[in-house]
Amino acid sequence: MTTTDAAAAPDWEKRFRAPRVSLPDWAEDAPDRSLFVSNATGTYELYAWDRASGRQRQVTDRPNGTTDGVLTPDGEAVWWFSDTDGDEFGVWMRQPFGGGEDEPAAPGLAPSYPAGLAIGRDGSAVIGRSTDEDGTTVHLVRAPGAEPVEIYRHRESAGVGDLSHDGTLIALEHTEHGDAMHSALRVVRPDGSTVAELDDTEGGTKELGLSVLGFAPVAGDTRLLVGHQRRGRWEPMIWDPVAGTETPLPIDLPGDVGAEWYPDGSALLVEHEFEARSELWRYEPGAAAPVRVETPAGTVSGATARPDGTVEYLWSSAAQPPVVRSTSGAVVLDPPGAKAPPSVAVEDAWVEGPGGRIHALVQKPATGEGPFPTIFEIHGGPTWHDSDAFASGPAAWVDHGFAVVRVNYRGSTGYGRAWTDALKHRVGLIELEDIAAVREWSVKSGLADPERLVLAGGSWGGYLTLLGLGTQPDAWALGLAAVPVADYVTAYHDEMEALKAMDRTLLGGTPEEVPERFEASSPLTYVDAVRAPVYISAGVNDPRCPIRQVENYVDRLAARGAVHEVYRYDAGHGSLVVEERIKQVRLELEFALKHLGGGAVQGA
């Protein structure tokens with residue numbers, strides 16, 4: 001696309017094409033060396049940034065993009081994960097920070113799905129792997145190119161959490177108890193011997209999770225910052241696995257709370273999520289309460305404390321595009337090129353539902369009055385949540401005269417442990433009860449036109465779309481499902497091992513053990529009841545929602561002549577190529593406007 005064409009493109013396309021950057025990660029012992037992700041070339045790739053000289057360099061250049069990478073503590077090298085066309089199955093590669101040839105970082109390890117990585121100051125690395133054959137294995141590589149040594153193995157899902165400053169302690173998250181939603185922690189030595197265990201599931205009688213937030217970044221300090229759910233939400237505490245002590249922290253903020261260490265270990269940078277917004281706080285261990293770090297209203301998608309005490313953070317709101325800011329007042333990393341046009345602000349809606357109050361986020365066209373054609377854009381996860389953050393997809397629908405409603409259904413994070421853990425056994429049906437309650441509110445309030453209601457989403461949102469079209473056939477005029485679960489039994493057998501573990505947790509067993517639950521929760525069960533036109537997009541290399549189970553669903557639609565369209569593309573669970581993303585949104589808009597009326601797609 002030429003510069004003239006780009007300037008003439010509609011706003012919805014400009015939002016996708018506008019150069020973006022992630023929050024820069026920096027080398028612990030060389031803080032002037034950073035690594036970030038950007039779409040500057042039209043594909044999301046990794047970039048190295050030398051802050052001292054200002055030089056930026058593209059590290060990776062692959063047709064389907066690259067986003068997983070980390071700097072070594074000394075800043076001398078970049079590790080990045082190399083898969084094949086988005087299939088998430090591959091190996092770690094290593095490239096000098098200043099540029100040079102890529103080489104396998106751990107040549108003795110066969111390809112796998114990644115399960116965590118921690119790199120030591122002595123050149124060692126702890127690498128987590130997941131495969132269908134072995135479950136999870138963790139390996140120690142003592143130096144670049146050295147023979148890997150296996151230090152952990154289990155059939156259930158696990159992952160590398162962190163490596164202590166001196167490399168003598170390794171923190172692992174594991175689900176050996178069989179509950180993939182609530183991890184336990186184990187700290188081991190480099191030889192694999194156990195130092196200490198922390199398990200809040202108590203043999204399965206309690207469903208409380210733990211997470212690794214990071215070892216103290218100080219030599220000789222064995223304190224580990226962990227997240228726990230003991231008070232009904234995520235919050236941090238300090239666990240010393242060597243001393244055997246646990247230190248609760250008086251951070252009494254509503255909603256979920258995470259944290260990371262300041263570089264000198266003297267304080268914690270606290271990230272607080274509550275009712276779809278986020279904010280930052282500083283807490284010094286031993287203090288009575290945290291102190292607010294001022295940020296604008298909206299969503300902080302990531303934050304890090306720098307050695308000089310300033311905090312850098314990636315911020316956006318539904319109306320304003322993302323920017324990397326500093327508490328010093330500066331914009332940290334401002335990519336060249338046209339900026340993304342703003343969108344409209346989000347409004348909150350609270351709706352009484354069968355499991356409690358449901359929070360929904362609503363965006364309306366800036367001109368005109370309702371009722372509007374309305375798209376229910378359902379988030380994936382399912383353990384995730386929509387927030388007051390900039391999103392080019394919903395903004396495109398607003399530009400075309402649609403209201404957009406995003407529902408944080410039961411199973412979503414950010415509203416306490418009980419809300420997230422309510423998603424069990426009646427999987428999919430529970431979320432759709434909440435979506436139905438918000439749908440009813442949207443019509444009664446005058447927001448939504450009941451004849452032009454669209455159910456849409458990607459991944460788990462795509463799954464809920466297909467399930468909703470079959471179980472609520474009179475409620476929806478149209479469905480748009482991206483990379484969905486469509487046939488739950490086939491999806492289970494074909495998906496990556498870590499997701500099998502999650503499905504066993506959600507449904508209480510395998511398809512052979514609880515066939516009635518898989519049948520009740522599978523969109524394929526209800527496909528013959530679907531009456532609305534259906535648009536499905538799927539990546540042919542997707543390891544999460546594999547293509548075979550999508551084809552099974554499509555075949556059933558085709559067999560009875562149901563109105564549907566399918567778009568298959570050569571990538572995995574979504575695309576990292578900007579023009580491909582624009583194409584997919586355009587196809588969805590065209591499908592919706594063709595079947596609902598409302599004119600043409602802008603710029604098509």
# chains A, B, ... in the order shown; residues from 1 in each chain; ligands from 1
$ residues_around --residues "Val514 (chain A)" --least-positions-apart "5" --cutoff "12 Å" --atoms "only C-alpha atoms" --output "PDB file with N, CA, C and O atoms, in the first residue's frame"
ATOM      1  N   HIS A 425     -18.159 -27.627  34.692  1.00  0.00           N
ATOM      2  CA  HIS A 425     -19.043 -28.710  34.280  1.00  0.00           C
ATOM      3  C   HIS A 425     -20.076 -28.274  33.225  1.00  0.00           C
ATOM      4  O   HIS A 425     -20.125 -28.866  32.149  1.00  0.00           O
ATOM      5  N   ARG A 426     -20.888 -27.260  33.480  1.00  0.00           N
ATOM      6  CA  ARG A 426     -21.829 -26.764  32.466  1.00  0.00           C
ATOM      7  C   ARG A 426     -21.125 -25.704  31.613  1.00  0.00           C
ATOM      8  O   ARG A 426     -21.602 -24.605  31.395  1.00  0.00           O
ATOM      9  N   VAL A 489     -15.392 -32.706  21.305  1.00  0.00           N
ATOM     10  CA  VAL A 489     -14.710 -33.985  21.472  1.00  0.00           C
ATOM     11  C   VAL A 489     -13.494 -34.071  20.551  1.00  0.00           C
ATOM     12  O   VAL A 489     -12.382 -34.421  20.983  1.00  0.00           O
ATOM     13  N   ASP A 503      -9.304 -28.574  29.801  1.00  0.00           N
ATOM     14  CA  ASP A 503     -10.634 -29.121  29.528  1.00  0.00           C
ATOM     15  C   ASP A 503     -11.025 -30.178  30.550  1.00  0.00           C
ATOM     16  O   ASP A 503     -12.190 -30.259  30.958  1.00  0.00           O
ATOM     17  N   ARG A 504     -10.071 -31.000  30.958  1.00  0.00           N
ATOM     18  CA  ARG A 504     -10.383 -31.993  31.996  1.00  0.00           C
ATOM     19  C   ARG A 504     -10.787 -31.314  33.297  1.00  0.00           C
ATOM     20  O   ARG A 504     -11.673 -31.801  34.026  1.00  0.00           O
ATOM     21  N   THR A 505     -10.144 -30.188  33.594  1.00  0.00           N
ATOM     22  CA  THR A 505     -10.497 -29.443  34.800  1.00  0.00           C
ATOM     23  C   THR A 505     -11.883 -28.828  34.674  1.00  0.00           C
ATOM     24  O   THR A 505     -12.715 -28.920  35.593  1.00  0.00           O
ATOM     25  N   LEU A 506     -12.152 -28.192  33.553  1.00  0.00           N
ATOM     26  CA  LEU A 506     -13.433 -27.505  33.371  1.00  0.00           C
ATOM     27  C   LEU A 506     -14.611 -28.470  33.345  1.00  0.00           C
ATOM     28  O   LEU A 506     -15.677 -28.204  33.916  1.00  0.00           O
ATOM     29  N   LEU A 507     -14.437 -29.609  32.671  1.00  0.00           N
ATOM     30  CA  LEU A 507     -15.548 -30.534  32.457  1.00  0.00           C
ATOM     31  C   LEU A 507     -15.536 -31.726  33.401  1.00  0.00           C
ATOM     32  O   LEU A 507     -16.490 -32.501  33.436  1.00  0.00           O
ATOM     33  N   GLY A 508     -14.458 -31.876  34.167  1.00  0.00           N
ATOM     34  CA  GLY A 508     -14.411 -32.944  35.166  1.00  0.00           C
ATOM     35  C   GLY A 508     -13.922 -34.268  34.650  1.00  0.00           C
ATOM     36  O   GLY A 508     -14.101 -35.302  35.306  1.00  0.00           O
ATOM     37  N   GLY A 509     -13.274 -34.299  33.498  1.00  0.00           N
ATOM     38  CA  GLY A 509     -12.743 -35.541  32.961  1.00  0.00           C
ATOM     39  C   GLY A 509     -12.564 -35.463  31.464  1.00  0.00           C
ATOM     40  O   GLY A 509     -12.705 -34.398  30.848  1.00  0.00           O
ATOM     41  N   GLU A 519     -20.868 -33.563  25.413  1.00  0.00           N
ATOM     42  CA  GLU A 519     -21.974 -33.435  24.460  1.00  0.00           C
ATOM     43  C   GLU A 519     -22.801 -32.183  24.734  1.00  0.00           C
ATOM     44  O   GLU A 519     -23.135 -31.430  23.810  1.00  0.00           O
ATOM     45  N   ALA A 520     -23.103 -31.928  26.003  1.00  0.00           N
ATOM     46  CA  ALA A 520     -23.920 -30.761  26.358  1.00  0.00           C
ATOM     47  C   ALA A 520     -23.207 -29.455  26.061  1.00  0.00           C
ATOM     48  O   ALA A 520     -23.860 -28.440  25.798  1.00  0.00           O
ATOM     49  N   SER A 521     -21.875 -29.468  26.074  1.00  0.00           N
ATOM     50  CA  SER A 521     -21.112 -28.232  25.894  1.00  0.00           C
ATOM     51  C   SER A 521     -20.552 -28.070  24.491  1.00  0.00           C
ATOM     52  O   SER A 521     -19.843 -27.094  24.234  1.00  0.00           O
TER      53      SER A 521
END
$ residues_around --residues "Ser392 (chain A)" --least-positions-apart "6" --cutoff "7 Å" --atoms "only C-alpha atoms" --output "ChimeraX atom specification"
/A:12,15-16
$ residues_around --residues "Pro263 (chain A)" --least-positions-apart "6" --cutoff "7 Å" --atoms "only C-alpha atoms" --output "short mmCIF file (atom, residue, chain, number, x, y, z; two decimals) with C-alpha atoms, in the first residue's frame"
data_model
loop_
_atom_site.label_atom_id
_atom_site.label_comp_id
_atom_site.auth_asym_id
_atom_site.auth_seq_id
_atom_site.Cartn_x
_atom_site.Cartn_y
_atom_site.Cartn_z
CA PRO A 217 16.40 -9.35 42.29
CA ALA A 305 10.12 -0.22 37.48
CA ARG A 306 13.44 1.07 36.15
CA PRO A 307 16.70 1.27 38.15
#
$ closest_residue --among "A:Thr383, A:Thr304, A:Thr137, A:Thr413" --to "Val257 (chain A)" --atoms "only C-alpha atoms"
A:Thr413
$ atom_distance --atom1 "CA of Trp80 (chain A)" --atom2 "CA of Glu260 (chain A)"
22.8 Å
$ select_by_dssp --residues "region 9-248 of chain A" --states "strand (DSSP E)" --output "JSON, numbers by chain"
{"A": [25, 26, 27, 30, 31, 32, 33, 34, 35, 36, 37, 38, 45, 46, 47, 48, 49, 50, 56, 57, 58, 69, 70, 71, 77, 78, 79, 80, 81, 82, 91, 92, 93, 94, 95, 96, 103, 104, 113, 114, 115, 116, 117, 118, 119, 125, 126, 127, 128, 129, 130, 131, 135, 136, 137, 138, 139, 140, 141, 149, 150, 151, 152, 153, 154, 158, 159, 160, 161, 162, 163, 170, 171, 172, 173, 174, 184, 185, 186, 187, 188, 194, 195, 196, 197, 198, 210, 211, 212, 213, 214, 215, 224, 225, 226, 227, 228, 235, 236, 237, 238, 239, 240, 245, 246, 247, 248]}
$ closest_residue --among "A:Glu497, A:Asp200, A:Asp252, A:Glu551" --to "Thr136 (chain A)" --atoms "only C-alpha atoms"
A:Glu497
$ residues_around --residues "Ala6 (chain A)" --least-positions-apart "6" --cutoff "9 Å" --atoms "only C-alpha atoms" --output "tab-separated table (two decimals) with all heavy atoms, in the first residue's frame"
chain	number	residue	atom	x	y	z
A	13	GLU	N	-9.24	1.02	9.24
A	13	GLU	CA	-8.02	0.38	8.75
A	13	GLU	C	-6.78	1.06	9.32
A	13	GLU	O	-5.78	0.38	9.64
A	13	GLU	CB	-7.98	0.43	7.23
A	13	GLU	CG	-9.03	-0.43	6.54
A	13	GLU	CD	-8.85	-0.45	5.03
A	13	GLU	OE1	-7.77	-0.05	4.55
A	13	GLU	OE2	-9.77	-0.88	4.33
A	14	LYS	N	-6.81	2.37	9.46
A	14	LYS	CA	-5.65	3.09	9.99
A	14	LYS	C	-5.31	2.62	11.41
A	14	LYS	O	-4.14	2.60	11.80
A	14	LYS	CB	-5.93	4.59	10.00
A	14	LYS	CG	-5.99	5.23	8.62
A	14	LYS	CD	-6.31	6.71	8.73
A	14	LYS	CE	-6.40	7.37	7.36
A	14	LYS	NZ	-6.78	8.80	7.45
A	17	ARG	N	-3.17	-0.39	11.07
A	17	ARG	CA	-1.87	-0.16	10.43
A	17	ARG	C	-0.96	0.76	11.26
A	17	ARG	O	0.25	0.75	11.05
A	17	ARG	CB	-2.06	0.46	9.05
A	17	ARG	CG	-2.69	-0.48	8.04
A	17	ARG	CD	-2.57	0.04	6.61
A	17	ARG	NE	-3.23	-0.87	5.69
A	17	ARG	CZ	-4.43	-0.69	5.18
A	17	ARG	NH1	-5.10	0.42	5.49
A	17	ARG	NH2	-4.97	-1.56	4.37
$ closest_residue --among "A:Tyr415, A:Glu294, A:Leu163, A:Ser278" --to "Val188 (chain A)" --atoms "only C-alpha atoms"
A:Leu163
$ atom_distance --atom1 "CA of Met237 (chain A)" --atom2 "CA of Val160 (chain A)"
19.0 Å
$ closest_residue --among "A:Ala558, A:Leu314, A:Ala287, A:Leu117" --to "Trp92 (chain A)" --atoms "only C-alpha atoms"
A:Leu117
$ select_by_dssp --residues "region 463-501 of chain A" --states "helix (DSSP H, G or I)" --output "PDB file with N, CA and C atoms, in the first residue's frame"
ATOM      1  N   TYR A 463     -16.059 -20.060  20.270  1.00  0.00           N
ATOM      2  CA  TYR A 463     -16.779 -21.226  20.791  1.00  0.00           C
ATOM      3  C   TYR A 463     -18.148 -20.836  21.331  1.00  0.00           C
ATOM      4  N   LEU A 464     -18.190 -19.797  22.161  1.00  0.00           N
ATOM      5  CA  LEU A 464     -19.466 -19.353  22.712  1.00  0.00           C
ATOM      6  C   LEU A 464     -20.412 -18.863  21.617  1.00  0.00           C
ATOM      7  N   THR A 465     -19.844 -18.292  20.556  1.00  0.00           N
ATOM      8  CA  THR A 465     -20.681 -17.852  19.436  1.00  0.00           C
ATOM      9  C   THR A 465     -21.400 -19.034  18.801  1.00  0.00           C
ATOM     10  N   LEU A 466     -20.651 -20.082  18.448  1.00  0.00           N
ATOM     11  CA  LEU A 466     -21.290 -21.236  17.819  1.00  0.00           C
ATOM     12  C   LEU A 466     -22.253 -21.946  18.775  1.00  0.00           C
ATOM     13  N   LEU A 467     -21.860 -22.050  20.033  1.00  0.00           N
ATOM     14  CA  LEU A 467     -22.746 -22.685  21.014  1.00  0.00           C
ATOM     15  C   LEU A 467     -24.012 -21.851  21.205  1.00  0.00           C
ATOM     16  N   GLY A 468     -23.861 -20.530  21.243  1.00  0.00           N
ATOM     17  CA  GLY A 468     -25.023 -19.663  21.410  1.00  0.00           C
ATOM     18  C   GLY A 468     -25.966 -19.701  20.227  1.00  0.00           C
ATOM     19  N   LEU A 469     -25.432 -19.782  19.012  1.00  0.00           N
ATOM     20  CA  LEU A 469     -26.294 -19.849  17.828  1.00  0.00           C
ATOM     21  C   LEU A 469     -27.139 -21.112  17.839  1.00  0.00           C
ATOM     22  N   GLY A 470     -26.614 -22.195  18.432  1.00  0.00           N
ATOM     23  CA  GLY A 470     -27.358 -23.442  18.473  1.00  0.00           C
ATOM     24  C   GLY A 470     -28.294 -23.569  19.648  1.00  0.00           C
ATOM     25  N   THR A 471     -27.913 -23.021  20.804  1.00  0.00           N
ATOM     26  CA  THR A 471     -28.755 -23.143  22.005  1.00  0.00           C
ATOM     27  C   THR A 471     -29.706 -21.971  22.184  1.00  0.00           C
ATOM     28  N   TYR A 488     -16.383 -30.234  20.339  1.00  0.00           N
ATOM     29  CA  TYR A 488     -15.559 -30.271  21.552  1.00  0.00           C
ATOM     30  C   TYR A 488     -14.793 -31.588  21.687  1.00  0.00           C
ATOM     31  N   VAL A 489     -15.392 -32.706  21.305  1.00  0.00           N
ATOM     32  CA  VAL A 489     -14.710 -33.985  21.472  1.00  0.00           C
ATOM     33  C   VAL A 489     -13.494 -34.071  20.551  1.00  0.00           C
ATOM     34  N   THR A 490     -13.676 -33.736  19.285  1.00  0.00           N
ATOM     35  CA  THR A 490     -12.551 -33.778  18.356  1.00  0.00           C
ATOM     36  C   THR A 490     -11.502 -32.737  18.735  1.00  0.00           C
ATOM     37  N   ALA A 491     -11.957 -31.564  19.162  1.00  0.00           N
ATOM     38  CA  ALA A 491     -11.014 -30.532  19.597  1.00  0.00           C
ATOM     39  C   ALA A 491     -10.147 -31.049  20.733  1.00  0.00           C
ATOM     40  N   TYR A 492     -10.749 -31.738  21.689  1.00  0.00           N
ATOM     41  CA  TYR A 492      -9.986 -32.270  22.822  1.00  0.00           C
ATOM     42  C   TYR A 492      -8.884 -33.209  22.344  1.00  0.00           C
ATOM     43  N   HIS A 493      -9.213 -34.095  21.431  1.00  0.00           N
ATOM     44  CA  HIS A 493      -8.237 -35.095  20.991  1.00  0.00           C
ATOM     45  C   HIS A 493      -7.128 -34.487  20.135  1.00  0.00           C
ATOM     46  N   ASP A 494      -7.394 -33.362  19.471  1.00  0.00           N
ATOM     47  CA  ASP A 494      -6.410 -32.775  18.556  1.00  0.00           C
ATOM     48  C   ASP A 494      -5.607 -31.636  19.160  1.00  0.00           C
ATOM     49  N   GLU A 497      -1.429 -30.407  24.591  1.00  0.00           N
ATOM     50  CA  GLU A 497      -1.628 -31.115  25.855  1.00  0.00           C
ATOM     51  C   GLU A 497      -2.074 -30.195  26.988  1.00  0.00           C
ATOM     52  N   ALA A 498      -1.519 -28.987  27.060  1.00  0.00           N
ATOM     53  CA  ALA A 498      -1.893 -28.084  28.156  1.00  0.00           C
ATOM     54  C   ALA A 498      -3.376 -27.750  28.122  1.00  0.00           C
ATOM     55  N   LEU A 499      -3.962 -27.663  26.936  1.00  0.00           N
ATOM     56  CA  LEU A 499      -5.386 -27.367  26.834  1.00  0.00           C
ATOM     57  C   LEU A 499      -6.239 -28.591  27.142  1.00  0.00           C
ATOM     58  N   LYS A 500      -5.714 -29.770  26.850  1.00  0.00           N
ATOM     59  CA  LYS A 500      -6.417 -30.975  27.298  1.00  0.00           C
ATOM     60  C   LYS A 500      -6.586 -30.949  28.820  1.00  0.00           C
ATOM     61  N   ALA A 501      -5.510 -30.569  29.516  1.00  0.00           N
ATOM     62  CA  ALA A 501      -5.569 -30.513  30.981  1.00  0.00           C
ATOM     63  C   ALA A 501      -6.603 -29.499  31.445  1.00  0.00           C
TER      64      ALA A 501
END
$ residues_around --residues "Ala30 (chain A)" --least-positions-apart "6" --cutoff "9 Å" --atoms "only C-alpha atoms" --output "ChimeraX atom specification"
/A:73-76
$ write_last_selection --atoms "N, CA and C atoms" --output "PDB file, in the first residue's frame"
ATOM      1  N   PRO A  73      20.247 -11.781  30.976  1.00  0.00           N
ATOM      2  CA  PRO A  73      20.462 -10.759  32.000  1.00  0.00           C
ATOM      3  C   PRO A  73      21.572  -9.762  31.667  1.00  0.00           C
ATOM      4  N   ASP A  74      22.616 -10.214  30.965  1.00  0.00           N
ATOM      5  CA  ASP A  74      23.704  -9.295  30.624  1.00  0.00           C
ATOM      6  C   ASP A  74      23.412  -8.483  29.360  1.00  0.00           C
ATOM      7  N   GLY A  75      22.265  -8.747  28.715  1.00  0.00           N
ATOM      8  CA  GLY A  75      21.899  -7.994  27.525  1.00  0.00           C
ATOM      9  C   GLY A  75      22.682  -8.346  26.284  1.00  0.00           C
ATOM     10  N   GLU A  76      23.461  -9.416  26.340  1.00  0.00           N
ATOM     11  CA  GLU A  76      24.316  -9.769  25.207  1.00  0.00           C
ATOM     12  C   GLU A  76      23.585 -10.549  24.121  1.00  0.00           C
TER      13      GLU A  76
END
$ closest_residue --among "A:Gly128, A:Gly167, A:Gly393, A:Gly227" --to "Leu185 (chain A)" --atoms "only C-alpha atoms"
A:Gly227
$ residues_around --residues "Val483 (chain A)" --least-positions-apart "6" --cutoff "8 Å" --atoms "only C-alpha atoms" --output "list of chain:residue names"
A:Gly458, A:Ser459, A:Gly462, A:Ile536, A:Ser537, A:Ala538, A:Gly539, A:Asp542, A:Cys545, A:His573, A:Gly574
$ closest_residue --among "A:Val212, A:Val141, A:Ala592, A:Leu249" --to "Ala158 (chain A)" --atoms "only C-alpha atoms"
A:Val212
$ residues_around --residues "Gln602 (chain A)" --least-positions-apart "6" --cutoff "9 Å" --atoms "only C-alpha atoms" --output "list in words"
Ala9, Pro10, Asp11, Trp12, Glu13, Asp399, His400 and Arg586 of chain A
$ write_last_selection --atoms "all heavy atoms" --output "PDB file, in the first residue's frame"
ATOM      1  N   ALA A   9      -7.149   5.731   3.418  1.00  0.00           N
ATOM      2  CA  ALA A   9      -7.860   4.594   3.994  1.00  0.00           C
ATOM      3  C   ALA A   9      -8.807   5.060   5.096  1.00  0.00           C
ATOM      4  O   ALA A   9      -8.579   6.086   5.745  1.00  0.00           O
ATOM      5  CB  ALA A   9      -6.856   3.595   4.554  1.00  0.00           C
ATOM      6  N   PRO A  10      -9.889   4.313   5.336  1.00  0.00           N
ATOM      7  CA  PRO A  10     -10.811   4.677   6.422  1.00  0.00           C
ATOM      8  C   PRO A  10     -10.141   4.529   7.782  1.00  0.00           C
ATOM      9  O   PRO A  10      -9.142   3.808   7.936  1.00  0.00           O
ATOM     10  CB  PRO A  10     -11.953   3.683   6.249  1.00  0.00           C
ATOM     11  CG  PRO A  10     -11.361   2.514   5.535  1.00  0.00           C
ATOM     12  CD  PRO A  10     -10.317   3.091   4.627  1.00  0.00           C
ATOM     13  N   ASP A  11     -10.710   5.200   8.777  1.00  0.00           N
ATOM     14  CA  ASP A  11     -10.115   5.189  10.120  1.00  0.00           C
ATOM     15  C   ASP A  11      -9.959   3.774  10.669  1.00  0.00           C
ATOM     16  O   ASP A  11      -8.978   3.473  11.366  1.00  0.00           O
ATOM     17  CB  ASP A  11     -10.967   6.024  11.078  1.00  0.00           C
ATOM     18  CG  ASP A  11     -10.716   7.514  10.911  1.00  0.00           C
ATOM     19  OD1 ASP A  11      -9.817   7.887  10.129  1.00  0.00           O
ATOM     20  OD2 ASP A  11     -11.427   8.308  11.559  1.00  0.00           O
ATOM     21  N   TRP A  12     -10.920   2.909  10.371  1.00  0.00           N
ATOM     22  CA  TRP A  12     -10.848   1.573  10.979  1.00  0.00           C
ATOM     23  C   TRP A  12      -9.618   0.814  10.486  1.00  0.00           C
ATOM     24  O   TRP A  12      -9.011   0.060  11.262  1.00  0.00           O
ATOM     25  CB  TRP A  12     -12.138   0.794  10.748  1.00  0.00           C
ATOM     26  CG  TRP A  12     -12.360   0.233   9.379  1.00  0.00           C
ATOM     27  CD1 TRP A  12     -13.028   0.818   8.341  1.00  0.00           C
ATOM     28  CD2 TRP A  12     -11.931  -1.049   8.892  1.00  0.00           C
ATOM     29  NE1 TRP A  12     -13.046  -0.022   7.247  1.00  0.00           N
ATOM     30  CE2 TRP A  12     -12.390  -1.171   7.558  1.00  0.00           C
ATOM     31  CE3 TRP A  12     -11.219  -2.102   9.458  1.00  0.00           C
ATOM     32  CZ2 TRP A  12     -12.137  -2.304   6.785  1.00  0.00           C
ATOM     33  CZ3 TRP A  12     -10.974  -3.238   8.695  1.00  0.00           C
ATOM     34  CH2 TRP A  12     -11.428  -3.326   7.369  1.00  0.00           C
ATOM     35  N   GLU A  13      -9.237   1.016   9.245  1.00  0.00           N
ATOM     36  CA  GLU A  13      -8.025   0.378   8.747  1.00  0.00           C
ATOM     37  C   GLU A  13      -6.777   1.055   9.322  1.00  0.00           C
ATOM     38  O   GLU A  13      -5.781   0.383   9.639  1.00  0.00           O
ATOM     39  CB  GLU A  13      -7.979   0.432   7.227  1.00  0.00           C
ATOM     40  CG  GLU A  13      -9.029  -0.430   6.537  1.00  0.00           C
ATOM     41  CD  GLU A  13      -8.846  -0.454   5.033  1.00  0.00           C
ATOM     42  OE1 GLU A  13      -7.767  -0.051   4.554  1.00  0.00           O
ATOM     43  OE2 GLU A  13      -9.772  -0.880   4.327  1.00  0.00           O
ATOM     44  N   ASP A 399     -17.502   2.351  13.944  1.00  0.00           N
ATOM     45  CA  ASP A 399     -17.404   3.200  12.753  1.00  0.00           C
ATOM     46  C   ASP A 399     -18.483   2.870  11.727  1.00  0.00           C
ATOM     47  O   ASP A 399     -18.879   3.727  10.932  1.00  0.00           O
ATOM     48  CB  ASP A 399     -16.034   3.041  12.095  1.00  0.00           C
ATOM     49  CG  ASP A 399     -14.921   3.735  12.863  1.00  0.00           C
ATOM     50  OD1 ASP A 399     -15.212   4.348  13.914  1.00  0.00           O
ATOM     51  OD2 ASP A 399     -13.764   3.650  12.420  1.00  0.00           O
ATOM     52  N   HIS A 400     -18.947   1.626  11.713  1.00  0.00           N
ATOM     53  CA  HIS A 400     -19.970   1.211  10.746  1.00  0.00           C
ATOM     54  C   HIS A 400     -21.376   1.238  11.320  1.00  0.00           C
ATOM     55  O   HIS A 400     -22.291   0.616  10.780  1.00  0.00           O
ATOM     56  CB  HIS A 400     -19.633  -0.185  10.223  1.00  0.00           C
ATOM     57  CG  HIS A 400     -18.488  -0.201   9.255  1.00  0.00           C
ATOM     58  ND1 HIS A 400     -17.168  -0.220   9.668  1.00  0.00           N
ATOM     59  CD2 HIS A 400     -18.459  -0.157   7.901  1.00  0.00           C
ATOM     60  CE1 HIS A 400     -16.381  -0.215   8.600  1.00  0.00           C
ATOM     61  NE2 HIS A 400     -17.137  -0.168   7.522  1.00  0.00           N
ATOM     62  N   ARG A 586     -12.580  -7.055   7.509  1.00  0.00           N
ATOM     63  CA  ARG A 586     -13.375  -6.635   6.345  1.00  0.00           C
ATOM     64  C   ARG A 586     -14.354  -7.734   5.926  1.00  0.00           C
ATOM     65  O   ARG A 586     -15.517  -7.466   5.622  1.00  0.00           O
ATOM     66  CB  ARG A 586     -12.464  -6.276   5.179  1.00  0.00           C
ATOM     67  CG  ARG A 586     -13.240  -5.792   3.945  1.00  0.00           C
ATOM     68  CD  ARG A 586     -12.355  -5.498   2.770  1.00  0.00           C
ATOM     69  NE  ARG A 586     -11.520  -4.336   3.017  1.00  0.00           N
ATOM     70  CZ  ARG A 586     -10.199  -4.375   3.150  1.00  0.00           C
ATOM     71  NH1 ARG A 586      -9.565  -5.546   3.066  1.00  0.00           N
ATOM     72  NH2 ARG A 586      -9.515  -3.271   3.357  1.00  0.00           N
TER      73      ARG A 586
END
$ atom_distance --atom1 "CA of Ala184 (chain A)" --atom2 "CA of His385 (chain A)"
23.2 Å
$ closest_atom_pairs --of "region 256-366 of chain A" --to "region 220-225 of chain A" --cutoff "12 Å" --atoms "only C-alpha atoms" --output "tab-separated table"
residue	atom	partner	partner_atom	distance
A:Gly258	CA	A:Leu225	CA	9.7
A:Ala259	CA	A:Leu225	CA	7.9
A:Glu260	CA	A:Leu225	CA	7.4
A:Trp261	CA	A:Leu225	CA	8.0
A:Tyr262	CA	A:Leu225	CA	11.7
A:Asp264	CA	A:Asp221	CA	11.0
A:Gly265	CA	A:Asp221	CA	9.0
A:Ser266	CA	A:Asp221	CA	11.6
A:Ala267	CA	A:Leu225	CA	11.3
A:Leu268	CA	A:Leu225	CA	9.3
A:Leu269	CA	A:Leu225	CA	11.4
A:Val270	CA	A:Leu225	CA	11.5
A:Pro285	CA	A:Leu225	CA	11.5
